[in-house]
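Structure file work31.cif (mmCIF, C-alpha atoms) follows.
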data_start
loop_
_atom_site.group_PDB
_atom_site.id
_atom_site.type_symbol
_atom_site.label_atom_id
_atom_site.label_comp_id
_atom_site.auth_asym_id
_atom_site.auth_seq_id
_atom_site.Cartn_x
_atom_site.Cartn_y
_atom_site.Cartn_z
ATOM 1 C CA MET I 1 91.167 101.035 111.506
ATOM 2 C CA LEU I 2 90.319 97.904 109.529
ATOM 3 C CA THR I 3 87.656 95.619 110.993
ATOM 4 C CA MET I 4 86.241 92.212 110.080
ATOM 5 C CA GLU I 5 83.761 94.030 107.821
ATOM 6 C CA ASP I 6 86.688 95.129 105.611
ATOM 7 C CA ILE I 7 87.856 91.547 105.110
ATOM 8 C CA ILE I 8 86.308 89.801 102.115
ATOM 9 C CA ARG I 9 85.263 86.176 102.478
ATOM 10 C CA ASP I 10 85.923 82.947 100.653
ATOM 11 C CA GLY I 11 84.173 82.935 97.286
ATOM 12 C CA HIS I 12 84.939 86.603 96.516
ATOM 13 C CA PRO I 13 86.675 86.779 93.094
ATOM 14 C CA THR I 14 89.544 88.999 94.347
ATOM 15 C CA LEU I 15 90.764 86.098 96.529
ATOM 16 C CA ARG I 16 91.383 84.080 93.342
ATOM 17 C CA THR I 17 93.081 86.905 91.428
ATOM 18 C CA VAL I 18 96.861 87.222 91.048
ATOM 19 C CA ALA I 19 97.702 90.542 92.697
ATOM 20 C CA LYS I 20 99.668 93.224 90.833
ATOM 21 C CA GLU I 21 103.150 94.446 91.802
ATOM 22 C CA VAL I 22 103.177 97.683 93.788
ATOM 23 C CA PRO I 23 105.054 100.428 91.885
ATOM 24 C CA LEU I 24 107.999 101.593 93.998
ATOM 25 C CA PRO I 25 108.638 103.938 95.623
ATOM 26 C CA ALA I 26 105.205 103.249 97.088
ATOM 27 C CA SER I 27 102.513 105.921 96.971
ATOM 28 C CA GLU I 28 101.182 107.394 100.209
ATOM 29 C CA GLU I 29 97.911 105.533 99.544
ATOM 30 C CA ASP I 30 99.709 102.169 99.258
ATOM 31 C CA LYS I 31 101.756 102.904 102.392
ATOM 32 C CA LYS I 32 98.534 103.637 104.299
ATOM 33 C CA ILE I 33 96.969 100.349 103.143
ATOM 34 C CA LEU I 34 100.067 98.436 104.228
ATOM 35 C CA LYS I 35 100.136 100.207 107.630
ATOM 36 C CA ASP I 36 96.437 99.348 108.055
ATOM 37 C CA LEU I 37 97.147 95.650 107.387
ATOM 38 C CA LEU I 38 99.858 95.610 110.048
ATOM 39 C CA GLU I 39 97.704 97.571 112.492
ATOM 40 C CA TYR I 40 94.916 94.981 112.080
ATOM 41 C CA VAL I 41 97.102 91.959 112.916
ATOM 42 C CA ILE I 42 98.709 93.715 115.893
ATOM 43 C CA SER I 43 95.370 95.006 117.252
ATOM 44 C CA SER I 44 93.595 91.692 116.671
ATOM 45 C CA GLN I 45 96.059 89.986 119.019
ATOM 46 C CA ASN I 46 95.219 92.403 121.839
ATOM 47 C CA PRO I 47 92.229 90.812 123.634
ATOM 48 C CA GLU I 48 90.762 94.173 124.740
ATOM 49 C CA ILE I 49 90.920 95.816 121.296
ATOM 50 C CA ALA I 50 89.796 92.613 119.546
ATOM 51 C CA SER I 51 86.780 92.327 121.830
ATOM 52 C CA GLU I 52 85.879 96.020 121.569
ATOM 53 C CA LYS I 53 86.165 96.117 117.744
ATOM 54 C CA GLY I 54 84.937 92.555 117.073
ATOM 55 C CA LEU I 55 88.226 91.465 115.471
ATOM 56 C CA ARG I 56 89.100 87.822 114.841
ATOM 57 C CA PRO I 57 92.704 87.308 115.926
ATOM 58 C CA GLY I 58 95.094 86.999 113.014
ATOM 59 C CA ILE I 59 98.850 86.676 112.562
ATOM 60 C CA GLY I 60 98.948 87.679 108.906
ATOM 61 C CA LEU I 61 96.855 89.633 106.420
ATOM 62 C CA ALA I 62 97.333 90.277 102.704
ATOM 63 C CA ALA I 63 95.943 93.208 100.696
ATOM 64 C CA PRO I 64 93.710 90.988 98.497
ATOM 65 C CA GLN I 65 91.839 90.027 101.681
ATOM 66 C CA ILE I 66 90.613 93.630 101.957
ATOM 67 C CA ASN I 67 89.738 93.624 98.235
ATOM 68 C CA VAL I 68 92.958 95.406 97.168
ATOM 69 C CA PRO I 69 94.599 93.200 94.496
ATOM 70 C CA LYS I 70 98.145 94.449 95.145
ATOM 71 C CA ARG I 71 101.240 92.587 96.373
ATOM 72 C CA MET I 72 101.288 93.752 100.005
ATOM 73 C CA LEU I 73 101.138 91.788 103.238
ATOM 74 C CA ALA I 74 101.617 92.105 106.976
ATOM 75 C CA VAL I 75 102.772 89.464 109.459
ATOM 76 C CA HIS I 76 102.960 89.756 113.252
ATOM 77 C CA VAL I 77 103.921 86.479 114.921
ATOM 78 C CA THR I 78 106.383 85.034 117.431
ATOM 79 C CA ASP I 79 108.593 82.046 116.692
ATOM 80 C CA GLU I 80 109.389 79.045 118.897
ATOM 81 C CA LYS I 81 112.016 81.118 120.780
ATOM 82 C CA ASP I 82 109.466 83.887 121.421
ATOM 83 C CA ASN I 83 111.191 86.260 118.973
ATOM 84 C CA LEU I 84 108.750 88.661 117.342
ATOM 85 C CA HIS I 85 108.550 88.693 113.538
ATOM 86 C CA SER I 86 106.610 91.807 112.565
ATOM 87 C CA TYR I 87 106.722 92.762 108.885
ATOM 88 C CA ALA I 88 104.832 95.034 106.513
ATOM 89 C CA LEU I 89 106.048 94.200 103.010
ATOM 90 C CA PHE I 90 105.630 95.342 99.427
ATOM 91 C CA ASN I 91 106.152 92.830 96.586
ATOM 92 C CA PRO I 92 107.398 89.908 98.726
ATOM 93 C CA LYS I 93 108.875 87.037 96.754
ATOM 94 C CA ILE I 94 110.266 83.683 97.869
ATOM 95 C CA ILE I 95 113.751 83.511 96.357
ATOM 96 C CA SER I 96 114.816 80.210 97.933
ATOM 97 C CA HIS I 97 113.364 77.469 100.110
ATOM 98 C CA SER I 98 114.268 74.233 101.834
ATOM 99 C CA VAL I 99 113.526 70.783 100.461
ATOM 100 C CA GLU I 100 112.194 69.887 103.905
ATOM 101 C CA LYS I 101 108.534 70.653 104.479
ATOM 102 C CA ALA I 102 106.642 71.811 107.570
ATOM 103 C CA TYR I 103 102.992 72.057 108.519
ATOM 104 C CA LEU I 104 100.925 73.278 111.444
ATOM 105 C CA ALA I 105 99.865 70.257 113.483
ATOM 106 C CA SER I 106 96.581 72.051 114.265
ATOM 107 C CA GLY I 107 95.988 73.000 110.619
ATOM 108 C CA GLU I 108 95.712 76.507 109.203
ATOM 109 C CA GLY I 109 92.958 79.070 109.433
ATOM 110 C CA CYS I 110 92.283 82.273 107.531
ATOM 111 C CA LEU I 111 90.491 85.531 108.288
ATOM 112 C CA SER I 112 88.748 85.194 104.901
ATOM 113 C CA VAL I 113 87.466 81.683 105.681
ATOM 114 C CA ASP I 114 84.760 81.569 108.345
ATOM 115 C CA GLU I 115 84.550 77.809 108.759
ATOM 116 C CA SER I 116 87.243 75.450 109.984
ATOM 117 C CA ILE I 117 88.782 73.378 107.175
ATOM 118 C CA PRO I 118 90.718 70.529 108.774
ATOM 119 C CA GLY I 119 93.839 69.019 107.286
ATOM 120 C CA PHE I 120 97.590 69.422 107.010
ATOM 121 C CA VAL I 121 98.850 72.208 104.742
ATOM 122 C CA PRO I 122 102.355 71.321 103.495
ATOM 123 C CA ARG I 123 104.710 74.311 103.334
ATOM 124 C CA TYR I 124 108.475 74.753 103.045
ATOM 125 C CA ALA I 125 110.196 74.497 106.444
ATOM 126 C CA ARG I 126 112.528 77.409 105.605
ATOM 127 C CA VAL I 127 112.206 80.240 103.119
ATOM 128 C CA THR I 128 114.170 83.308 102.092
ATOM 129 C CA VAL I 129 111.927 86.185 101.085
ATOM 130 C CA LYS I 130 112.979 89.348 99.267
ATOM 131 C CA ALA I 131 110.702 92.374 99.703
ATOM 132 C CA THR I 132 110.542 96.125 100.245
ATOM 133 C CA THR I 133 109.590 97.623 103.631
ATOM 134 C CA LEU I 134 107.332 100.602 104.364
ATOM 135 C CA ASP I 135 110.503 102.739 104.513
ATOM 136 C CA GLY I 136 111.461 101.682 100.982
ATOM 137 C CA GLU I 137 114.297 99.469 102.178
ATOM 138 C CA GLU I 138 114.918 96.241 100.271
ATOM 139 C CA VAL I 139 115.219 93.327 102.703
ATOM 140 C CA GLN I 140 115.930 89.619 102.619
ATOM 141 C CA LEU I 141 114.256 87.638 105.397
ATOM 142 C CA ARG I 142 115.345 84.121 106.296
ATOM 143 C CA LEU I 143 112.433 82.485 108.074
ATOM 144 C CA LYS I 144 111.710 79.065 109.522
ATOM 145 C CA GLY I 145 108.963 77.420 111.533
ATOM 146 C CA LEU I 146 105.750 79.362 112.146
ATOM 147 C CA PRO I 147 106.950 82.689 110.628
ATOM 148 C CA ALA I 148 107.888 80.816 107.416
ATOM 149 C CA ILE I 149 104.471 79.143 107.285
ATOM 150 C CA VAL I 150 102.643 82.434 107.860
ATOM 151 C CA ILE I 151 104.533 84.311 105.156
ATOM 152 C CA GLN I 152 103.897 81.478 102.669
ATOM 153 C CA HIS I 153 100.162 81.577 103.533
ATOM 154 C CA GLU I 154 100.091 85.347 102.879
ATOM 155 C CA ILE I 155 102.147 85.132 99.658
ATOM 156 C CA ASP I 156 99.657 82.482 98.477
ATOM 157 C CA HIS I 157 96.935 85.157 98.850
ATOM 158 C CA LEU I 158 98.920 87.381 96.476
ATOM 159 C CA ASN I 159 98.828 84.533 93.937
ATOM 160 C CA GLY I 160 95.115 83.771 94.279
ATOM 161 C CA VAL I 161 95.757 80.558 96.246
ATOM 162 C CA MET I 162 93.858 79.568 99.403
ATOM 163 C CA PHE I 163 95.418 77.432 102.161
ATOM 164 C CA TYR I 164 92.937 74.595 101.671
ATOM 165 C CA ASP I 165 94.110 74.209 98.047
ATOM 166 C CA HIS I 166 97.188 72.477 99.534
ATOM 167 C CA ILE I 167 95.257 69.978 101.692
ATOM 168 C CA ASN I 168 95.157 66.392 100.428
ATOM 169 C CA LYS I 169 91.439 66.054 99.650
ATOM 170 C CA ASP I 170 91.437 62.238 99.964
ATOM 171 C CA ALA I 171 93.494 62.053 103.163
ATOM 172 C CA PRO I 172 93.630 65.478 104.876
ATOM 173 C CA PHE I 173 95.607 64.151 107.860
ATOM 174 C CA GLU I 174 97.999 61.895 105.960
ATOM 175 C CA PRO I 175 101.515 62.558 107.257
ATOM 176 C CA VAL I 176 103.445 64.942 105.001
ATOM 177 C CA GLU I 177 106.602 63.254 103.689
ATOM 178 C CA ASN I 178 109.978 64.744 104.692
ATOM 179 C CA SER I 179 108.368 67.250 107.043
ATOM 180 C CA ILE I 180 108.232 68.599 110.565
ATOM 181 C CA ALA I 181 105.039 69.337 112.472
ATOM 182 C CA ILE I 182 104.913 72.811 114.003
ATOM 183 C CA GLU I 183 102.912 73.123 117.233
ATOM 184 C CA ARG I 184 101.192 76.458 117.746
#
Entire entry expressed as structure tokens:
Amino acid sequence: MLTMEDIIRDGHPTLRTVAKEVPLPASEEDKKILKDLLEYVISSQNPEIASEKGLRPGIGLAAPQINVPKRMLAVHVTDEKDNLHSYALFNPKIISHSVEKAYLASGEGCLSVDESIPGFVPRYARVTVKATTLDGEEVQLRLKGLPAIVIQHEIDHLNGVMFYDHINKDAPFEPVENSIAIER
């Protein structure tokens, strides 16, 4: 099982590298890595397991964060209606998005960033993502609200972008135009 020791921290060069596409059908090794990413986010949200293994709770994790520069990510999060969005994806790509923006009112955090970096992170309010599942099935996911924000955060990792790159350096809490605040 992955632990916090497997997660590389801010400043590591892999976090600023554009990850490579995963050749499909995925190898057994790549499937195991992707399963491990999903297992981490699910386990980290269980207070007993998180405490026992010293895991920081997370709702998403991308392969570059464990020093694997490949286009894989896992998300495990509930939306505002308490619906679970649990995905383990190869080669996810945003194929369309809303004009309207959204941001987390509390700001974003990251398992690869140990300190708190305050500020609003503008994202698209709605996205459609095309990807391949662990079973090799091609899917299109239409996401909004928190799940949309999380998947954009993780796709940024695949492109060598950190969440704080989006924060307005001069006015981190300046209201984001044409946007909705998402409470978490």
Determine the residue membership of the PyMOL selection byres ((chain I and resi 12-17) around 8) for the file above and supply it as a PDB file with C-alpha atoms, keeping the file's coordinate frame.
ATOM      1  CA  ILE I   8      86.308  89.801 102.115  1.00  0.00           C
ATOM      2  CA  ARG I   9      85.263  86.176 102.478  1.00  0.00           C
ATOM      3  CA  ASP I  10      85.923  82.947 100.653  1.00  0.00           C
ATOM      4  CA  GLY I  11      84.173  82.935  97.286  1.00  0.00           C
ATOM      5  CA  VAL I  18      96.861  87.222  91.048  1.00  0.00           C
ATOM      6  CA  ALA I  19      97.702  90.542  92.697  1.00  0.00           C
ATOM      7  CA  PRO I  64      93.710  90.988  98.497  1.00  0.00           C
ATOM      8  CA  GLN I  65      91.839  90.027 101.681  1.00  0.00           C
ATOM      9  CA  ASN I  67      89.738  93.624  98.235  1.00  0.00           C
ATOM     10  CA  VAL I  68      92.958  95.406  97.168  1.00  0.00           C
ATOM     11  CA  PRO I  69      94.599  93.200  94.496  1.00  0.00           C
ATOM     12  CA  HIS I 157      96.935  85.157  98.850  1.00  0.00           C
ATOM     13  CA  LEU I 158      98.920  87.381  96.476  1.00  0.00           C
ATOM     14  CA  ASN I 159      98.828  84.533  93.937  1.00  0.00           C
ATOM     15  CA  GLY I 160      95.115  83.771  94.279  1.00  0.00           C
ATOM     16  CA  VAL I 161      95.757  80.558  96.246  1.00  0.00           C
ATOM     17  CA  MET I 162      93.858  79.568  99.403  1.00  0.00           C
TER      18      MET I 162
END
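If you measure from each of I:Ile59, I:Ala181, I:Leu134, I:Ile95 to Ile151 (chain I) using only C-alpha atoms, the closest one turns out to be I:Ile59.
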- Task: Work out how far apart CA of Phe120 (chain I) and CA of Lys169 (chain I) are and give it in Å to one decimal.
- Result: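 If I compute the distance from CA of Phe120 (chain I) to CA of Lys169 (chain I), I get 10.2 Å.
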- Please indicate the distance in Å from CA of Val75 (chain I) to CA of Gln152 (chain I), rounded to one decimal place.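 Pair CA of Val75 (chain I) / CA of Gln152 (chain I) returns 10.5 Å.
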Would you list the contacts of Leu37 (chain I) as a CSV table (one decimal) with C-alpha atoms, in the coordinates of the input, taking every protein, DNA or RNA residue within 10 Å and counting only C-alpha atoms, but skipping same-chain residues closer than 4 positions in sequence?
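Final file, part-v8.csv:
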chain,number,residue,atom,x,y,z
I,1,MET,CA,91.2,101.0,111.5
I,2,LEU,CA,90.3,97.9,109.5
I,31,LYS,CA,101.8,102.9,102.4
I,32,LYS,CA,98.5,103.6,104.3
I,33,ILE,CA,97.0,100.3,103.1
I,41,VAL,CA,97.1,92.0,112.9
I,42,ILE,CA,98.7,93.7,115.9
I,60,GLY,CA,98.9,87.7,108.9
I,61,LEU,CA,96.9,89.6,106.4
I,62,ALA,CA,97.3,90.3,102.7
I,63,ALA,CA,95.9,93.2,100.7
I,65,GLN,CA,91.8,90.0,101.7
I,66,ILE,CA,90.6,93.6,102.0
I,72,MET,CA,101.3,93.8,100.0
I,73,LEU,CA,101.1,91.8,103.2
I,74,ALA,CA,101.6,92.1,107.0
I,75,VAL,CA,102.8,89.5,109.5
I,88,ALA,CA,104.8,95.0,106.5
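Once the PyMOL selection byres ((chain I and resi 136) around 10) is applied to the depicted file, the selected set reads Leu24, Pro25, Ala26, Lys31, Leu89, Phe90, Ala131, Thr132, Thr133, Leu134, Asp135, Glu137, Glu138 and Val139 of chain I.
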- Message: For this structure, which residues satisfy the selection - the PyMOL selection byres ((chain I and resi 119) around 9) - when it is evaluated on the file as given? I want them as an MDAnalysis selection string.
- Response: chainID I and resid 105:108 117:118 120:121 164 167:169 171:174
Could those selected residues go to a file with C-alpha atoms, as a PDB file, keeping the file's coordinate frame?
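After the write, selection03.pdb holds the following:
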ATOM      1  CA  ALA I 105      99.865  70.257 113.483  1.00  0.00           C
ATOM      2  CA  SER I 106      96.581  72.051 114.265  1.00  0.00           C
ATOM      3  CA  GLY I 107      95.988  73.000 110.619  1.00  0.00           C
ATOM      4  CA  GLU I 108      95.712  76.507 109.203  1.00  0.00           C
ATOM      5  CA  ILE I 117      88.782  73.378 107.175  1.00  0.00           C
ATOM      6  CA  PRO I 118      90.718  70.529 108.774  1.00  0.00           C
ATOM      7  CA  PHE I 120      97.590  69.422 107.010  1.00  0.00           C
ATOM      8  CA  VAL I 121      98.850  72.208 104.742  1.00  0.00           C
ATOM      9  CA  TYR I 164      92.937  74.595 101.671  1.00  0.00           C
ATOM     10  CA  ILE I 167      95.257  69.978 101.692  1.00  0.00           C
ATOM     11  CA  ASN I 168      95.157  66.392 100.428  1.00  0.00           C
ATOM     12  CA  LYS I 169      91.439  66.054  99.650  1.00  0.00           C
ATOM     13  CA  ALA I 171      93.494  62.053 103.163  1.00  0.00           C
ATOM     14  CA  PRO I 172      93.630  65.478 104.876  1.00  0.00           C
ATOM     15  CA  PHE I 173      95.607  64.151 107.860  1.00  0.00           C
ATOM     16  CA  GLU I 174      97.999  61.895 105.960  1.00  0.00           C
TER      17      GLU I 174
END
- Residues within 6 Å of Tyr124 (chain I), all atoms listed in the file, excluding chain neighbours under 3 positions, as a ChimeraX atom specification: /I:98,101-102
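For the set I:Ser44, I:Asn178, I:Ser96, I:Asn91, the residue with the smallest atom-to-atom gap to Lys20 (chain I) is I:Asn91, counting all atoms listed in the file.
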- Calculate how many Å separate CA of Val127 (chain I) from CA of Ile149 (chain I), rounding to one decimal.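 These atoms are spaced 8.9 Å apart.
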- Choose the residue, out of I:Lys53, I:Lys70, I:Lys93, I:His76, that has the smallest atom-to-atom separation from Glu29 (chain I); count only C-alpha atoms.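 Between I:Lys53, I:Lys70, I:Lys93, I:His76, the residue approaching Glu29 (chain I) most closely is I:Lys70.
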- Nearest-residue call for Leu143 (chain I), choices I:Asp79, I:Glu100, I:Glu183, I:Glu28, using all atoms listed in the file: I:Asp79
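The nearest approach to Ile7 (chain I) among the residues I:Ser112, I:Thr78, I:Gln45, I:Thr128, with only C-alpha atoms taken into account, belongs to I:Ser112.
Within the 12 Å cut-off around Asp82 (chain I), using all atoms listed in the file and omitting residues fewer than 6 positions from it on the same chain, the listed residues are His76, Gly145, Leu146, Pro147 and Arg184 of chain I.
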Can you tell me, as JSON, the centre and edge lengths (Å, one decimal) of the axis-aligned box enclosing all of region 120-128 of chain I's listed atoms after padding each side by 6 Å?
{"center_x": 105.9, "center_y": 76.4, "center_z": 104.6, "size_x": 28.6, "size_y": 25.9, "size_z": 16.9}
- Please identify all polymer residues within 7 Å of Val129 (chain I), counting only C-alpha atoms, omitting same-chain residues fewer than 3 positions from it, and present them as JSON, numbers by chain. {"I": [92, 93, 94, 95, 140, 141, 142]}
- Task: Can you work out which one of I:Ser179, I:Thr3, I:Ser27, I:Ser116 has the shortest atom-to-atom distance to Ser43 (chain I), counting all atoms listed in the file?
- Result: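 The answer is I:Thr3, which sits nearest to Ser43 (chain I).
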